[in-house]
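Undergrad: For reference, the file model_9.cif (mmCIF, C-alpha atoms) is included below:
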data_final
loop_
_atom_site.label_atom_id
_atom_site.label_comp_id
_atom_site.auth_asym_id
_atom_site.auth_seq_id
_atom_site.Cartn_x
_atom_site.Cartn_y
_atom_site.Cartn_z
CA MET A 26 0.00 0.00 0.00
CA ARG A 27 1.18 3.47 -0.75
CA VAL A 28 1.50 5.98 2.04
CA THR A 29 -0.94 8.87 1.88
CA GLU A 30 0.92 12.16 1.82
CA VAL A 31 -0.61 15.14 3.57
CA ILE A 32 2.04 17.77 2.94
CA LEU A 33 2.34 20.94 0.98
CA ILE A 34 6.00 20.84 -0.03
CA GLY A 35 8.67 18.17 -0.09
CA CYS A 36 8.29 14.42 0.01
CA PHE A 37 7.86 13.62 3.69
CA MET A 38 4.74 11.59 4.38
CA ALA A 39 4.08 13.20 7.73
CA CYS A 40 2.40 16.16 9.34
CA VAL A 41 3.95 18.43 11.92
CA GLY A 42 2.34 18.16 15.32
CA ALA A 43 4.44 19.87 17.96
CA ASP A 44 8.11 20.47 18.68
CA GLY A 45 10.04 17.27 18.00
CA VAL A 46 7.03 15.20 16.97
CA ALA A 47 5.09 14.63 13.78
CA ASP A 48 1.96 12.84 12.65
CA VAL A 49 2.41 10.03 10.13
CA VAL A 50 -0.49 9.09 7.86
CA LEU A 51 -0.53 5.58 6.43
CA SER A 52 -2.74 3.96 3.84
CA CYS A 53 -3.71 0.55 5.25
CA SER A 54 -6.05 -2.40 4.82
CA LEU A 55 -8.54 -3.63 7.37
CA VAL A 56 -8.17 -7.41 7.12
CA GLU A 57 -11.11 -9.60 8.16
CA GLU A 58 -11.89 -13.26 7.81
CA GLY A 59 -14.05 -13.94 4.76
CA ALA A 60 -17.36 -15.74 4.90
CA GLY A 61 -16.38 -18.28 2.24
CA LEU A 62 -14.13 -21.33 2.15
CA GLY A 63 -11.45 -19.83 -0.09
CA GLY A 64 -10.62 -21.60 -3.34
CA MET A 65 -13.61 -23.96 -3.02
CA GLY A 66 -16.26 -21.77 -4.57
CA GLY A 67 -17.25 -20.19 -1.28
CA GLY A 68 -15.41 -16.87 -1.41
CA ALA A 69 -12.13 -15.45 -0.17
CA LEU A 70 -10.41 -16.48 3.04
CA PHE A 71 -9.86 -12.82 3.93
CA THR A 72 -11.43 -9.56 2.90
CA ARG A 73 -9.55 -6.27 2.69
CA THR A 74 -11.16 -2.89 3.17
CA PRO A 75 -9.23 0.38 2.64
CA ALA A 76 -8.41 2.13 5.90
CA THR A 77 -6.21 4.98 7.10
CA LEU A 78 -4.01 5.09 10.19
CA VAL A 79 -2.79 8.37 11.69
CA LEU A 80 0.09 7.90 14.12
CA ARG A 81 0.06 10.93 16.39
CA ASP A 82 3.16 12.40 18.03
CA VAL A 83 5.81 10.23 16.38
CA ALA A 84 9.19 11.32 17.76
CA VAL A 85 11.35 13.17 15.22
CA ALA A 86 15.13 13.43 15.41
CA PRO A 87 16.47 16.92 16.22
CA GLU A 88 18.16 17.21 12.81
CA GLU A 89 14.87 16.64 10.97
CA SER A 90 13.32 19.74 9.38
CA LEU A 91 9.61 20.24 10.06
CA GLU A 92 9.27 23.44 8.06
CA THR A 93 7.84 21.71 4.99
CA LEU A 94 5.19 19.80 6.92
CA THR A 95 1.64 20.84 7.67
CA PRO A 96 -0.61 19.62 10.50
CA PHE A 97 -2.91 16.67 9.83
CA VAL A 98 -6.37 17.93 8.94
CA PRO A 99 -9.25 15.46 9.47
CA PRO A 100 -12.15 15.40 7.01
CA SER A 101 -14.30 18.52 7.13
CA ILE A 102 -17.40 16.33 7.05
CA PRO A 103 -17.13 13.06 9.05
CA ASP A 104 -17.83 10.02 6.91
CA PRO A 105 -19.28 7.01 8.80
CA ASP A 106 -18.19 4.73 5.95
CA ALA A 107 -14.51 5.76 6.16
CA ILE A 108 -12.21 3.76 8.44
CA LEU A 109 -9.83 6.32 9.93
CA PHE A 110 -7.84 5.29 13.01
CA GLU A 111 -6.17 8.04 15.05
CA ALA A 112 -3.58 6.55 17.45
CA GLN A 113 -1.38 8.19 20.07
CA VAL A 114 2.13 6.71 20.00
CA SER A 115 4.08 9.02 22.30
CA SER A 116 4.17 6.32 24.99
CA PRO A 117 5.29 3.77 24.14
CA GLU A 118 7.35 5.14 21.28
CA ILE A 119 7.79 3.10 18.10
CA PRO A 120 11.52 2.29 17.70
CA ASN A 121 13.06 3.61 14.46
CA ALA A 122 9.74 5.17 13.45
CA ASP A 123 11.73 7.81 11.55
CA VAL A 124 11.94 5.38 8.61
CA LEU A 125 8.22 5.99 8.10
CA LEU A 126 8.98 9.67 7.53
CA HIS A 127 11.20 8.92 4.53
CA ALA A 128 9.63 5.83 2.98
CA ASP A 129 7.59 7.68 0.38
CA CYS A 130 10.48 9.99 -0.44
CA ASN A 131 12.71 6.91 -0.96
CA GLU A 132 10.03 5.15 -3.04
CA GLN A 133 9.71 2.40 -0.45
CA GLU A 134 6.39 0.67 -0.04
CA VAL A 135 4.86 0.59 3.44
CA MET A 136 2.80 -2.47 4.30
CA CYS A 137 0.11 -1.64 6.85
CA GLU A 138 -2.52 -4.19 7.87
CA ILE A 139 -5.11 -3.71 10.62
CA SER A 140 -7.17 -6.50 12.12
CA SER A 141 -9.51 -6.91 15.08
CA TYR A 142 -7.79 -8.30 18.18
CA SER A 143 -9.17 -10.19 21.19
CA PRO A 144 -7.02 -10.30 24.35
CA ARG A 145 -6.77 -13.74 25.90
CA GLY A 146 -9.39 -14.30 28.58
CA ALA A 147 -11.13 -10.98 27.88
CA GLN A 148 -14.91 -10.80 28.01
CA ASP A 149 -16.77 -10.06 24.77
CA SER A 150 -17.35 -6.34 24.93
CA SER A 151 -17.15 -3.40 22.56
CA ASP A 152 -15.67 -1.03 25.17
CA PRO A 153 -12.78 -0.85 24.75
CA SER A 154 -12.02 -2.54 21.44
CA TYR A 155 -8.61 -3.72 20.38
CA PHE A 156 -6.87 -3.86 17.03
CA MET A 157 -3.54 -5.27 15.83
CA VAL A 158 -1.49 -3.27 13.34
CA SER A 159 1.37 -4.84 11.34
CA LEU A 160 3.85 -2.35 9.87
CA ASP A 161 6.63 -3.23 7.45
CA VAL A 162 8.76 -1.00 5.21
CA GLU A 163 10.15 -2.38 1.96
CA GLY A 164 13.93 -2.54 1.78
CA VAL A 165 14.43 -1.39 5.39
CA GLU A 166 15.11 -3.41 8.53
CA PHE A 167 11.89 -2.19 10.15
CA SER A 168 9.05 -4.40 11.34
CA THR A 169 6.60 -3.62 14.15
CA THR A 170 3.34 -5.03 15.49
CA LEU A 171 1.15 -2.62 17.47
CA ILE A 172 -1.79 -3.31 19.76
CA LEU A 173 -4.30 -0.44 19.69
CA GLN A 174 -6.92 0.17 22.36
CA THR A 175 -9.85 2.42 21.52
CA LEU A 176 -10.49 5.43 23.74
CA THR A 177 -13.82 6.35 25.28
CA VAL A 178 -15.95 8.71 23.23
CA GLU A 179 -18.72 10.62 24.98
CA LYS A 180 -21.87 9.72 23.10
CA ASP A 181 -24.81 11.97 22.44
CA GLN A 182 -27.49 12.22 19.79
CA SER A 183 -25.06 13.68 17.29
CA THR A 184 -22.43 10.92 17.70
CA LEU A 185 -21.80 9.04 14.48
CA MET A 186 -21.06 5.31 14.45
CA GLN A 187 -18.57 3.77 12.05
CA ASN A 188 -20.75 1.65 9.82
CA LYS A 189 -18.48 -1.38 9.39
CA LEU A 190 -17.00 -1.62 12.88
CA GLY A 191 -19.95 -0.27 14.88
CA LEU A 192 -17.70 1.99 16.97
CA PRO A 193 -18.38 5.63 17.88
CA LEU A 194 -16.50 8.28 15.93
CA SER A 195 -14.92 11.37 17.39
CA GLN A 196 -16.25 14.76 16.34
CA SER A 197 -13.59 14.81 13.62
CA GLY A 198 -14.76 11.44 12.27
CA THR A 199 -11.82 9.34 13.54
CA LEU A 200 -11.61 6.21 15.67
CA LEU A 201 -9.64 7.42 18.67
CA SER A 202 -7.12 4.92 20.04
CA GLU A 203 -3.73 4.59 21.69
CA VAL A 204 -0.82 2.17 21.37
CA ILE A 205 -0.63 0.11 24.56
CA PHE A 206 1.81 -2.61 23.51
CA LEU A 207 4.20 -3.28 20.64
CA VAL A 208 6.68 -5.93 19.54
CA PHE A 209 9.43 -4.98 17.08
CA SER A 210 12.53 -6.24 15.33
CA HIS A 211 15.40 -4.44 13.65
CA MET A 212 15.95 -7.33 11.22
CA LYS A 213 13.80 -9.27 8.77
CA SER A 214 16.45 -11.76 7.71
CA VAL A 215 20.03 -12.50 8.69
CA SER A 216 22.80 -14.79 7.46
CA ALA A 217 25.09 -16.69 9.79
CA PRO A 218 28.23 -18.72 9.01
CA LEU A 219 28.20 -22.43 9.73
CA ARG A 220 29.46 -23.08 13.28
CA GLY A 221 29.35 -19.34 13.96
CA ASP A 222 27.15 -17.29 16.31
CA VAL A 223 24.11 -15.14 15.50
CA LEU A 224 21.81 -12.73 17.36
CA LEU A 225 18.12 -12.65 16.39
CA ASN A 226 16.73 -9.26 17.40
CA CYS A 227 13.33 -8.91 19.09
CA GLY A 228 12.01 -6.43 21.64
CA PHE A 229 8.83 -5.06 23.16
CA LYS A 230 7.44 -1.92 24.79
CA GLN A 231 4.27 -1.21 26.75
CA GLN A 232 2.48 1.85 28.02
CA GLU A 233 3.67 3.64 31.17
CA THR A 234 0.94 1.98 33.23
CA PRO A 235 2.05 -1.67 32.93
CA LEU A 236 -0.43 -4.07 31.38
CA SER A 237 1.16 -6.84 33.44
CA GLN A 238 4.32 -7.60 35.38
CA GLU A 239 4.45 -11.14 34.03
CA VAL A 240 6.12 -11.60 30.66
CA GLY A 241 6.71 -14.71 28.62
CA ILE A 242 8.95 -15.09 25.56
CA GLU A 243 8.80 -18.01 23.17
CA TRP A 244 11.07 -18.56 20.19
CA ARG A 245 9.98 -21.16 17.63
CA LEU A 246 11.58 -22.40 14.41
CA GLN A 247 9.54 -23.27 11.33
CA HIS A 248 11.22 -24.94 8.37
CA ARG A 249 9.87 -27.06 5.52
CA GLY A 250 6.51 -27.62 7.17
CA LYS A 251 7.93 -28.62 10.54
CA GLY A 252 8.06 -26.57 13.73
CA ARG A 253 9.82 -26.84 17.06
CA LYS A 254 10.36 -24.75 20.14
CA VAL A 255 13.84 -23.29 20.49
CA LEU A 256 13.67 -21.45 23.81
CA GLU A 257 11.07 -20.21 26.29
CA MET A 258 11.54 -17.74 29.14
CA LYS A 259 9.14 -16.55 31.84
CA THR A 260 9.88 -13.83 34.36
CA ARG A 261 8.48 -10.77 36.11
CA LEU A 262 9.30 -7.23 35.05
CA ASP A 263 9.45 -6.09 38.69
CA ASP A 264 12.15 -8.67 39.47
CA ALA A 265 15.28 -6.54 39.69
CA GLU A 266 17.48 -9.61 40.04
CA GLY A 267 16.34 -10.95 36.67
CA ASN A 268 15.32 -14.39 37.93
CA ALA A 269 13.63 -16.33 35.16
CA GLU A 270 12.36 -19.75 34.22
CA VAL A 271 14.17 -20.86 31.07
CA PHE A 272 13.35 -23.88 28.92
CA ALA A 273 15.91 -24.34 26.14
CA ASP A 274 15.11 -27.07 23.64
CA ARG A 275 18.13 -26.18 21.49
CA ARG A 276 21.60 -26.45 22.99
CA ASP A 277 23.74 -23.30 22.90
CA SER A 278 20.71 -20.96 22.72
CA SER A 279 20.22 -18.18 25.26
CA MET A 280 18.47 -14.95 26.23
CA ASP A 281 19.56 -12.27 28.69
CA ALA A 282 16.99 -12.12 31.51
CA ALA A 283 18.41 -8.85 32.87
CA GLN A 284 18.05 -7.12 29.47
CA LEU A 285 14.55 -8.55 29.10
CA VAL A 286 13.47 -7.02 32.41
CA GLY A 287 15.39 -3.76 32.12
CA GLU A 288 15.08 -2.94 28.40
CA GLY A 289 12.39 -5.21 26.97
CA ASN A 290 15.10 -6.95 24.96
CA ALA A 291 13.89 -10.43 23.97
CA SER A 292 16.69 -11.18 21.49
CA LEU A 293 17.85 -14.76 21.03
CA THR A 294 21.50 -15.81 20.71
CA LEU A 295 22.39 -19.01 18.84
CA ASN A 296 25.91 -20.33 19.21
CA LYS A 297 27.57 -22.92 16.95
CA VAL A 298 25.00 -22.54 14.18
CA LEU A 299 24.23 -25.68 12.20
CA VAL A 300 22.53 -26.21 8.84
CA GLU A 301 19.47 -27.52 10.68
CA ASP A 302 19.10 -24.13 12.42
CA GLN A 303 18.09 -22.46 9.15
CA GLY A 304 14.46 -21.39 8.80
CA THR A 305 11.80 -18.97 10.02
CA TYR A 306 12.09 -17.86 13.65
CA ILE A 307 8.98 -16.57 15.42
CA CYS A 308 9.43 -14.38 18.50
CA THR A 309 6.22 -14.29 20.55
CA VAL A 310 5.98 -11.87 23.48
CA SER A 311 3.12 -12.46 25.94
CA LEU A 312 2.29 -9.73 28.43
CA GLY A 313 -0.72 -10.50 30.58
CA HIS A 314 -3.70 -10.92 28.24
CA PHE A 315 -1.80 -9.54 25.25
CA HIS A 316 0.67 -11.10 22.86
CA ALA A 317 2.30 -10.17 19.55
CA GLN A 318 4.97 -11.61 17.27
CA GLN A 319 7.85 -10.85 14.97
CA VAL A 320 9.24 -13.13 12.25
CA ILE A 321 12.92 -13.38 11.24
CA GLN A 322 14.47 -15.50 8.49
CA LEU A 323 17.79 -17.14 9.34
CA HIS A 324 19.99 -18.26 6.44
CA VAL A 325 23.02 -20.48 7.11
CA ILE A 326 25.93 -19.96 4.72
CA GLN A 327 29.34 -21.54 4.29
CA PRO A 328 31.79 -20.45 1.55
CA PRO A 329 33.40 -23.22 -0.53
CA HIS A 330 37.03 -24.29 -0.43
CA VAL A 331 38.31 -24.36 -4.02
CA SER A 332 41.35 -26.32 -5.23
CA LEU A 333 42.85 -27.84 -8.40
CA SER A 334 44.00 -31.40 -8.90
CA GLU A 335 47.39 -30.26 -10.28
CA GLU A 336 49.85 -27.69 -8.98
CA LYS A 337 51.46 -27.47 -12.42
CA LEU A 338 50.39 -28.74 -15.81
CA VAL A 339 53.09 -29.99 -18.19
CA LEU A 340 51.83 -30.65 -21.71
CA LYS A 341 52.34 -34.00 -23.40
CA THR A 342 53.09 -33.98 -27.09
CA SER A 343 50.83 -36.87 -27.98
CA SER A 344 48.02 -37.02 -25.40
CA PRO A 345 45.65 -34.58 -23.65
CA GLN A 346 45.84 -33.79 -19.95
CA THR A 347 42.98 -33.97 -17.40
CA LEU A 348 42.50 -31.12 -14.92
CA SER A 349 39.94 -31.16 -12.09
CA CYS A 350 38.58 -28.38 -9.92
CA HIS A 351 37.15 -29.27 -6.51
CA CYS A 352 34.56 -27.06 -4.76
CA SER A 353 34.18 -28.40 -1.22
CA LYS A 354 32.08 -28.03 1.96
CA TYR A 355 29.75 -25.18 0.96
CA TYR A 356 26.17 -24.25 1.82
CA PRO A 357 23.56 -23.64 0.45
CA LEU A 358 23.49 -25.96 -2.54
CA ASP A 359 23.84 -23.71 -5.58
CA ALA A 360 27.42 -23.18 -6.80
CA GLN A 361 28.58 -22.17 -10.29
CA MET A 362 31.91 -23.36 -11.74
CA GLU A 363 33.50 -21.93 -14.89
CA TRP A 364 36.80 -22.52 -16.70
CA LEU A 365 38.78 -19.64 -18.24
CA SER A 366 42.06 -19.40 -20.12
CA LEU A 367 44.55 -16.61 -20.70
CA SER A 368 47.20 -17.16 -23.37
CA PRO A 369 50.50 -15.21 -23.42
CA THR A 370 49.17 -13.07 -26.30
CA ASP A 371 45.79 -12.20 -24.67
CA THR A 372 45.09 -9.31 -22.32
CA GLU A 373 41.83 -10.66 -20.89
CA PRO A 374 40.86 -14.24 -20.02
CA ILE A 375 38.35 -15.98 -22.25
CA VAL A 376 35.94 -18.82 -21.57
CA PHE A 377 37.70 -22.15 -22.04
CA PRO A 378 36.29 -23.83 -25.18
CA ASP A 379 35.50 -27.08 -23.41
CA GLN A 380 33.74 -26.62 -20.05
CA GLY A 381 34.11 -30.31 -19.35
CA SER A 382 31.81 -32.27 -17.06
CA LEU A 383 30.37 -31.79 -13.59
CA SER A 384 30.09 -34.45 -10.92
CA SER A 385 26.89 -34.95 -8.96
CA HIS A 386 26.48 -32.98 -5.75
CA ARG A 387 27.80 -34.78 -2.68
CA GLN A 388 26.24 -33.98 0.70
CA HIS A 389 28.27 -34.39 3.88
CA GLY A 390 27.15 -35.27 7.37
CA ASP A 391 27.08 -31.62 8.46
CA GLY A 392 24.70 -30.74 5.60
CA THR A 393 27.30 -29.04 3.39
CA TYR A 394 27.90 -29.96 -0.25
CA SER A 395 30.82 -30.63 -2.60
CA LEU A 396 31.06 -30.50 -6.39
CA SER A 397 33.82 -31.19 -8.93
CA SER A 398 34.41 -30.14 -12.54
CA ARG A 399 36.83 -31.83 -14.95
CA ILE A 400 38.20 -30.62 -18.27
CA THR A 401 40.52 -32.04 -20.90
CA VAL A 402 43.50 -29.87 -21.88
CA PRO A 403 44.60 -30.70 -25.46
CA PRO A 404 48.31 -30.73 -26.50
CA SER A 405 47.58 -27.79 -28.82
CA VAL A 406 47.28 -25.35 -25.91
CA THR A 407 50.01 -22.72 -26.09
CA PRO A 408 52.67 -23.10 -23.36
CA GLY A 409 52.49 -20.18 -20.94
CA THR A 410 48.67 -20.22 -20.97
CA THR A 411 46.98 -19.77 -17.57
CA ILE A 412 43.94 -21.98 -16.98
CA THR A 413 41.59 -20.77 -14.24
CA CYS A 414 38.69 -22.37 -12.39
CA ARG A 415 36.28 -19.70 -11.14
CA VAL A 416 33.61 -20.48 -8.52
CA SER A 417 30.62 -18.31 -7.60
CA HIS A 418 28.50 -18.92 -4.50
CA LEU A 419 26.02 -17.07 -2.29
CA ALA A 420 28.43 -17.10 0.65
CA LEU A 421 31.17 -15.37 -1.36
CA ASP A 422 31.40 -11.60 -1.73
CA ALA A 423 33.18 -12.17 -5.05
CA PRO A 424 33.99 -15.27 -7.12
CA VAL A 425 37.01 -17.34 -6.03
CA SER A 426 39.58 -18.29 -8.68
CA VAL A 427 42.40 -20.84 -8.68
CA SER A 428 44.84 -21.11 -11.58
CA VAL A 429 47.55 -23.29 -13.06
CA LEU A 430 50.22 -22.39 -15.64
CA VAL A 431 50.60 -24.63 -18.70
CA GLU A 432 54.27 -25.54 -19.21
CA SER A 433 56.08 -26.78 -22.32
CA PRO A 434 56.39 -30.55 -22.82
CA GLU A 435 59.52 -32.08 -21.37
CA PRO A 436 61.86 -33.99 -23.76
CA ASP A 437 61.00 -37.65 -24.07
CA THR A 438 63.08 -39.40 -21.37
CA TYR A 439 63.17 -42.64 -23.37
CA TRP A 440 65.51 -41.20 -26.01
CA TRP A 441 67.66 -39.55 -23.36
CA VAL A 442 68.12 -42.88 -21.57
CA LEU A 443 68.77 -44.73 -24.85
CA GLY A 444 71.33 -42.15 -25.94
CA PHE A 445 73.07 -42.31 -22.56
CA LEU A 446 73.30 -46.11 -22.75
CA ILE A 447 74.74 -46.02 -26.28
CA ILE A 448 77.38 -43.46 -25.29
CA THR A 449 78.27 -45.49 -22.18
CA VAL A 450 78.70 -48.69 -24.22
CA ILE A 451 80.90 -46.92 -26.75
CA PHE A 452 83.00 -45.40 -23.98
CA PHE A 453 83.66 -48.74 -22.29
CA TYR A 454 84.33 -50.38 -25.63
CA GLN A 455 87.05 -47.84 -26.35
CA VAL A 456 88.50 -48.26 -22.87
CA MET A 457 88.69 -52.03 -23.14
CA ARG A 458 90.50 -52.00 -26.48
#
Kindly return the structure encoded in the file as structure tokens.
TA:
Amino acid sequence: MRVTEVILIGCFMACVGADGVADVVLSCSLVEEGAGLGGMGGGALFTRTPATLVLRDVAVAPEESLETLTPFVPPSIPDPDAILFEAQVSSPEIPNADVLLHADCNEQEVMCEISSYSPRGAQDSSDPSYFMVSLDVEGVEFSTTLILQTLTVEKDQSTLMQNKLGLPLSQSGTLLSEVIFLVFSHMKSVSAPLRGDVLLNCGFKQQETPLSQEVGIEWRLQHRGKGRKVLEMKTRLDDAEGNAEVFADRRDSSMDAAQLVGEGNASLTLNKVLVEDQGTYICTVSLGHFHAQQVIQLHVIQPPHVSLSEEKLVLKTSSPQTLSCHCSKYYPLDAQMEWLSLSPTDTEPIVFPDQGSLSSHRQHGDGTYSLSSRITVPPSVTPGTTITCRVSHLALDAPVSVSVLVESPEPDTYWWVLGFLIITVIFFYQVMR
């Protein structure tokens, strides 16, 4: 969804509110479960209705210029069919919300989805109502899930009701709400080297009046249709000593209980990463009746070791030579191998005429792969030519090359030996006479 701009000059998608804060206006979708069975002739699984979200009092960095921004102006005539959420976000603040100010200017799409939310164990009631907002900015490490709570609106005969949601509108035609809880991550995906360490970022914030002192964190891994718990932690936010119940299903995984209590830092550390650790990690933060999630993709990578079968290649006058290139212990699977040659008269290498044959992929016990390529070097190759095997792989910043120099054929040793024997026989013959 594109972000709705409400400015007079410039390309910020925000409105000035007060000193150091701005209002951000987002074009969103209200997502609801459809009435049909989806794909079976009964209708869609979900329905999407256009909606607008105004984030009030978003903190702005001191160096940001607010001169080109104009205050958010609600509709002059309230429209009961329009879905216009107005949410206070000054406490708790949305981390890195400044990326929302520049997304439109940087031609980055903002994904904003709003859905109805029911706290666990809450009684069915329309006062207050709760909504979950998922925010994601294309091309930026920004992902946040907000829980909105509607504010009380004094009703009278002139109060309008939002037609779809059945909630009272403010005099300006907005659905007044505030952010009471949010879960965020500063990463959407991360790559980790095999047998290395990685930190999966996740955090949470709540309003100044705590929703609950009890917090639970669960990290789960989903990969290829299978799921398993990685680590679970339960503690109290008023426990200054950071005592916590920890259930780690994966060895060498950990969280910092003190940072969880003091900073809302629910990040997960994985040590000695294995291929089987790759997949989708789900960070779920539960705070009293409320919970929200963030999703992070972990990719395991291992660069290949590349080597040649020969340290030097001496031509034979009558038969071709075989040269192999070995690409070993890499992950993930895809690796490209290419042969090049550079003769003494060339300035740039060219693709070797015969790219030879590839072996089948071989998988090792640790999940890594190996691959080999073999070419035939004919006797016609010019001595002094450099033959190069070049390997490209996802784990490499640049292709890796290994080379061998083609040397001139050595004189046939048979004739040298025969000549030596003849000379020796003649010599002794002369001596014996």
Undergrad: Run through the PyMOL selection byres ((chain A and resi 409) around 6) on the given coordinates and return the selected residues as a ChimeraX atom specification.
TA: /A:369,408,410,431-432
Undergrad: Selected residues, C-alpha atoms, written as an mmCIF file, in the coordinates of the input, please.
TA:
data_model
loop_
_atom_site.group_PDB
_atom_site.id
_atom_site.type_symbol
_atom_site.label_atom_id
_atom_site.label_comp_id
_atom_site.auth_asym_id
_atom_site.auth_seq_id
_atom_site.Cartn_x
_atom_site.Cartn_y
_atom_site.Cartn_z
ATOM 1 C CA PRO A 369 50.500 -15.210 -23.420
ATOM 2 C CA PRO A 408 52.670 -23.100 -23.360
ATOM 3 C CA THR A 410 48.670 -20.220 -20.970
ATOM 4 C CA VAL A 431 50.600 -24.630 -18.700
ATOM 5 C CA GLU A 432 54.270 -25.540 -19.210
#
Undergrad: Quick one, how far is CA of Asn226 in chain A from CA of Arg245 in chain A?
TA: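 Taking CA of Asn226 in chain A and CA of Arg245 in chain A, their separation equals 13.7 Å.
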Undergrad: Quick one: residues within 10 Å of Pro100 in chain A, only C-alpha atoms, excluding same-chain residues fewer than 6 positions away - as a VMD selection string?
TA: chain A and resid 107 109 197 to 199
Undergrad: Tell me which residues the PyMOL selection byres ((chain A and resi 385-389) around 10) grabs here, as a CSV table (one decimal) with C-alpha atoms, in the coordinates of the input.
TA:
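Output saved as selection15.csv:
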chain,number,residue,atom,x,y,z
A,353,SER,CA,34.2,-28.4,-1.2
A,354,LYS,CA,32.1,-28.0,2.0
A,355,TYR,CA,29.8,-25.2,1.0
A,356,TYR,CA,26.2,-24.2,1.8
A,358,LEU,CA,23.5,-26.0,-2.5
A,359,ASP,CA,23.8,-23.7,-5.6
A,360,ALA,CA,27.4,-23.2,-6.8
A,382,SER,CA,31.8,-32.3,-17.1
A,383,LEU,CA,30.4,-31.8,-13.6
A,384,SER,CA,30.1,-34.4,-10.9
A,390,GLY,CA,27.2,-35.3,7.4
A,391,ASP,CA,27.1,-31.6,8.5
A,392,GLY,CA,24.7,-30.7,5.6
A,393,THR,CA,27.3,-29.0,3.4
A,394,TYR,CA,27.9,-30.0,-0.2
A,395,SER,CA,30.8,-30.6,-2.6
A,396,LEU,CA,31.1,-30.5,-6.4
A,397,SER,CA,33.8,-31.2,-8.9
A,398,SER,CA,34.4,-30.1,-12.5
Undergrad: What would the selection look like, as a list in words, if the PyMOL selection byres ((chain A and resi 225) around 8) were run on the coordinates I just shared?
TA: Met212, Val215, Val223, Leu224, Asn226, Cys227, Ser292, Leu293, Thr294 and Ile321 of chain A
Undergrad: Please list as a list in words every residue within 7 Å of Lys230 in chain A, counting all atoms listed in the file and excluding residues in the same chain fewer than 6 positions away.
TA: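 Residues meeting the cut-off are Pro117, Phe206, Leu207, Val208 and Gly289 of chain A.
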Undergrad: Report, in Å with one decimal, the straight-line distance from CA of Val298 in chain A to CA of Asp222 in chain A.
TA: 6.1 Å
